[in-house]
Amino acid sequence: MQILLTNDDGIYAPGIAALKHQIQDIGQITVVAPDIEQSGVGHSITFSHPLRIREVHLNNEFIGYGVRGSPADCVKLAIYEIMKKNPDVVISGLNMGANVGIHILYSGTVAAAVEAAIMGYPSIAVSFEITEQYADVQEAAKVAKGVIENIIKHKLPRGSLLNVNIPSRPSNQIKGIKVTRQYARDFKETFDRRIDPGGKAYYWLMGTDKSIHHEEGTDISAVNEGYISITPLRYDLTDQSLYKKIEGWDWNI
Ligand code: MN
């Protein structure tokens with residue numbers, strides 16, 4: 001089995017190394033990932049400057065191909081230019097931080113999986129909800145492996161994509177798996193406003209208090225309750241019900 005492994009935290013990130021280590025006996029793994037962190041770049045692509053690929057070694061060991069580009073760039077380059085055989089599955093992760101709710105749209109982790117799905121490959125985005133209380137990446141990668149093996153066993157259809165989120169707790173305290181829908185309401189994020197030494201204001205996006213966002217059946221509620229959340233995603237953004245409505249409008253042009 002050919003596996004393309006990528007991420008948005010960068011090729012040196014602990015999550016991708018931990019996941020690679022865990023899934024190495026499932027198949028032949030090719031790592032193609034951004035050479036610097038690309039979290040939050042969403043589905044951006046590079047076309048105004050050259051994309052370069054370099055072989056990356058860590059402790060004298062070849063670990064994969066580093067790309068000075070976005071996660072979506074990595075998937076395109078991996079499949080069109082780097083891999084000799086097409087992947088059977090594309091995995092993006094293990095991301096440091098949950099990708100639930102509206103954050104799915106900002107996520108480079110999810111975008112890499114979306115890119116693979118658009119190209120016709122089954123793909124899995126895997127994220128780990130890191131908190132101050134719990135951040136054991138190695139153990140989360142083990143949990144991720146179990147989920148990935150299950151997904152592969154059930155044969156994900158061509159061009160489909162699952163967004164997996166692992167809650168921030170030891171594996172023996174994870175309650176199970178919930179298939180969920182995306183929480184699709186405002187996340188109520190805040191900015192921290194600070195003053196620089198020159199007296200001018202600057203801002204840090206502070207994210208959201210996840211506990212205030214509860215809606216049964218959603219990705220964020222499942223993770224908050226200690227379940228692994230699995231959400232099937234699609235990239236066709238057409239609003240079918242609005243389509244039907246505006247189709248009937250008299251446009252008068
Ligand atoms: Mn990330």
# chains A, B, ... in the order shown; residues from 1 in each chain; ligands from 1
>>> residues_near_ligand(ligand="ligand 1", cutoff="9 Å", atoms="only C-alpha atoms and all ligand atoms", output="list in words")
Asn7, Asp8, Asp9, Gly10, Glu37, Gln38, Ser39, Gly40, Gly93, Leu94, Asn95, Met96, Gly97, Ala98, Asn99, Ser107, Gly108, Thr109 and Ser127 of chain A
>>> select_by_dssp(residues="range 107-174 of chain A", states="strand (DSSP E)", output="list in words")
Ser123, Ile124, Ala125, Val126, Ser127, Phe128, Leu161, Leu162, Asn163, Val164, Asn165 and Ile166 of chain A
>>> closest_residue(among="A:Ile228, A:Val75, A:Ile151, A:Leu156", to="Ile118 in chain A", atoms="only C-alpha atoms")
A:Val75
>>> atom_distance(atom1="CA of Val67 in chain A", atom2="CA of Val137 in chain A")
23.5 Å
>>> select_by_dssp(residues="range 65-156 of chain A", states="alpha helix (DSSP H)", output="PyMOL selection string")
chain A and resi 71-77+103-106+108-118+137-153
>>> closest_residue(among="A:Gly69, A:Gly199, A:Gly146, A:Gly159", to="Ile45 in chain A", atoms="only C-alpha atoms")
A:Gly69
>>> residues_around(residues="Asn163 in chain A", least_positions_apart="6", cutoff="7 Å", atoms="only C-alpha atoms", output="list in words")
Ile124, Ala125, Val126, Ile230, Thr231, Pro232 and Leu233 of chain A
>>> write_last_selection(atoms="N, CA and C atoms", output="PDB file, in the first residue's frame")
ATOM      1  N   ILE A 124      -7.379  11.322   4.590  1.00  0.00           N
ATOM      2  CA  ILE A 124      -7.709  11.431   6.012  1.00  0.00           C
ATOM      3  C   ILE A 124      -6.905  12.587   6.606  1.00  0.00           C
ATOM      4  N   ALA A 125      -7.595  13.535   7.227  1.00  0.00           N
ATOM      5  CA  ALA A 125      -6.919  14.582   8.003  1.00  0.00           C
ATOM      6  C   ALA A 125      -7.018  14.179   9.472  1.00  0.00           C
ATOM      7  N   VAL A 126      -5.887  14.200  10.181  1.00  0.00           N
ATOM      8  CA  VAL A 126      -5.889  13.782  11.591  1.00  0.00           C
ATOM      9  C   VAL A 126      -5.290  14.886  12.462  1.00  0.00           C
ATOM     10  N   ILE A 230     -15.151  11.923  13.921  1.00  0.00           N
ATOM     11  CA  ILE A 230     -14.871  11.660  12.513  1.00  0.00           C
ATOM     12  C   ILE A 230     -15.974  12.299  11.673  1.00  0.00           C
ATOM     13  N   THR A 231     -15.582  13.282  10.870  1.00  0.00           N
ATOM     14  CA  THR A 231     -16.543  14.015  10.042  1.00  0.00           C
ATOM     15  C   THR A 231     -16.225  13.815   8.561  1.00  0.00           C
ATOM     16  N   PRO A 232     -17.155  13.261   7.799  1.00  0.00           N
ATOM     17  CA  PRO A 232     -16.946  13.211   6.348  1.00  0.00           C
ATOM     18  C   PRO A 232     -17.146  14.618   5.787  1.00  0.00           C
ATOM     19  N   LEU A 233     -16.193  15.087   5.001  1.00  0.00           N
ATOM     20  CA  LEU A 233     -16.274  16.445   4.459  1.00  0.00           C
ATOM     21  C   LEU A 233     -16.428  16.400   2.944  1.00  0.00           C
TER      22      LEU A 233
END
>>> closest_residue(among="A:Leu4, A:Trp204, A:Thr238, A:Ala135", to="Tyr121 in chain A", atoms="only C-alpha atoms")
A:Leu4
>>> residues_around(residues="Gly66 in chain A", least_positions_apart="3", cutoff="7 Å", atoms="only C-alpha atoms", output="list in words")
Ile11, Val32, Ala33, Pro34, Asp35, Ile53, Arg54, Glu55 and Val56 of chain A
